[in-house]
Amino acid sequence: AYWRRAGAPAAMVEWACARPAATHAPLPPRAAFEFLCDGDTLHIGDDAWQVLFGRGHSPAHVCLYCAERTMLIAGDQLLPGISPVVGIWEGDLAEPGAMGVDGEGVAGAVGVVGDGGCPVAVPDADPLRGWLATLDRLEALPDDVLVLPAHETPFVGVRARVQALRERHQRKFVRLLDLCRAPQTTFALARALYPRHLSELQTLFACAETLAHTCFLHAEGRLRHDRDAAGVDVWRAAP
């Protein structure tokens with residue numbers, strides 16, 4: 001259903017239907033655990049690590065900051081050479097006629113899917129806005145903090161990296177608005193944003209990212225959303 005709504009070709013739909021629903025084995029149950037909360041302090045050895053929740057890449061991505069070491073364990077939230085995948089995924093979309101989350105990505109602000117309402121039903125319907133807000137928090141850290149990312153190599157210069165990431169996504173917004181001067185499907189937009197050859201899994205990432213960007217622009221009133229007679233999501237620039 002995700003791919004049909006994106007306007008993807010039949011081969012992509014067939015791949016999705018044949019793909020296993022879960023790619024990771026479930027973790028074994030634990031006898032006891034303690035939830036982490038944003039702002040908590042973890043004491044590991046002699047060091048105190050502040051828990052900093054990030055959003056976007058996942059709903060509650062834990063980063064750990066140690067002021068004494070001037071060190072941030074950033075995980076996937078902040079990467080030195082690439083942008084983490086911030087997407088809207090299979091299972092996140094509302095059915096036609098349902099009340100989709102709308103406006104600033106806040107549950108409670110709704111519109112009817114297929115009648116201009118955002119097609120996303122989950123509470124975190126605007127993950128890109130959450131990720132960009134997390135960048136604001138990371139930018140407030142000391143600029144000489146050593147960032148330990150989940151991919152590539154450690155780096156220093158958090159503010160320059162945050163600014164580069166913001167500019168990268170602003171360029172995507174400009175490109176999407178230009179493309180949507182004519183009505184576009186999600187799949188067509190993804191292929192335009194990521195024109196190189198992609199595997200099926202990479203195409204999933206591209207469509208998920210594209211949806212995150214279109215829903216961000218929809219919440220700002222800069223894109224309109226509708227569904228055509230075949231049930232495909234269609235995006236166009238707001239007048």
# chains A, B, ... in the order shown; residues from 1 in each chain; ligands from 1
>>> residues_around(residues="region 51-64 of chain A", least_positions_apart="5", cutoff="6 Å", atoms="only C-alpha atoms", output="ChimeraX atom specification")
/A:38-41,72-74,85-86,127-128,130-131,134
>>> select_by_dssp(residues="region 16-219 of chain A", states="alpha helix (DSSP H)", output="ChimeraX atom specification")
/A:16-18,127-139,158-179,186-193,200-219
>>> closest_residue(among="A:Gln202, A:Thr153, A:Thr210, A:Gln170", to="Gly81 (chain A)", atoms="only C-alpha atoms")
A:Thr153
>>> closest_residue(among="A:Ala237, A:Ile44, A:Leu36, A:Leu201", to="Leu179 (chain A)", atoms="only C-alpha atoms")
A:Ala237
>>> atom_distance(atom1="CA of Leu217 (chain A)", atom2="CA of Leu78 (chain A)")
22.5 Å
>>> residues_around(residues="Trp235 (chain A)", least_positions_apart="2", cutoff="12 Å", atoms="only C-alpha atoms", output="MDAnalysis selection string")
chainID A and resid 5:7 114 116:119 176:189 210:211 213:215 217:218 221:228 232:233 237:238
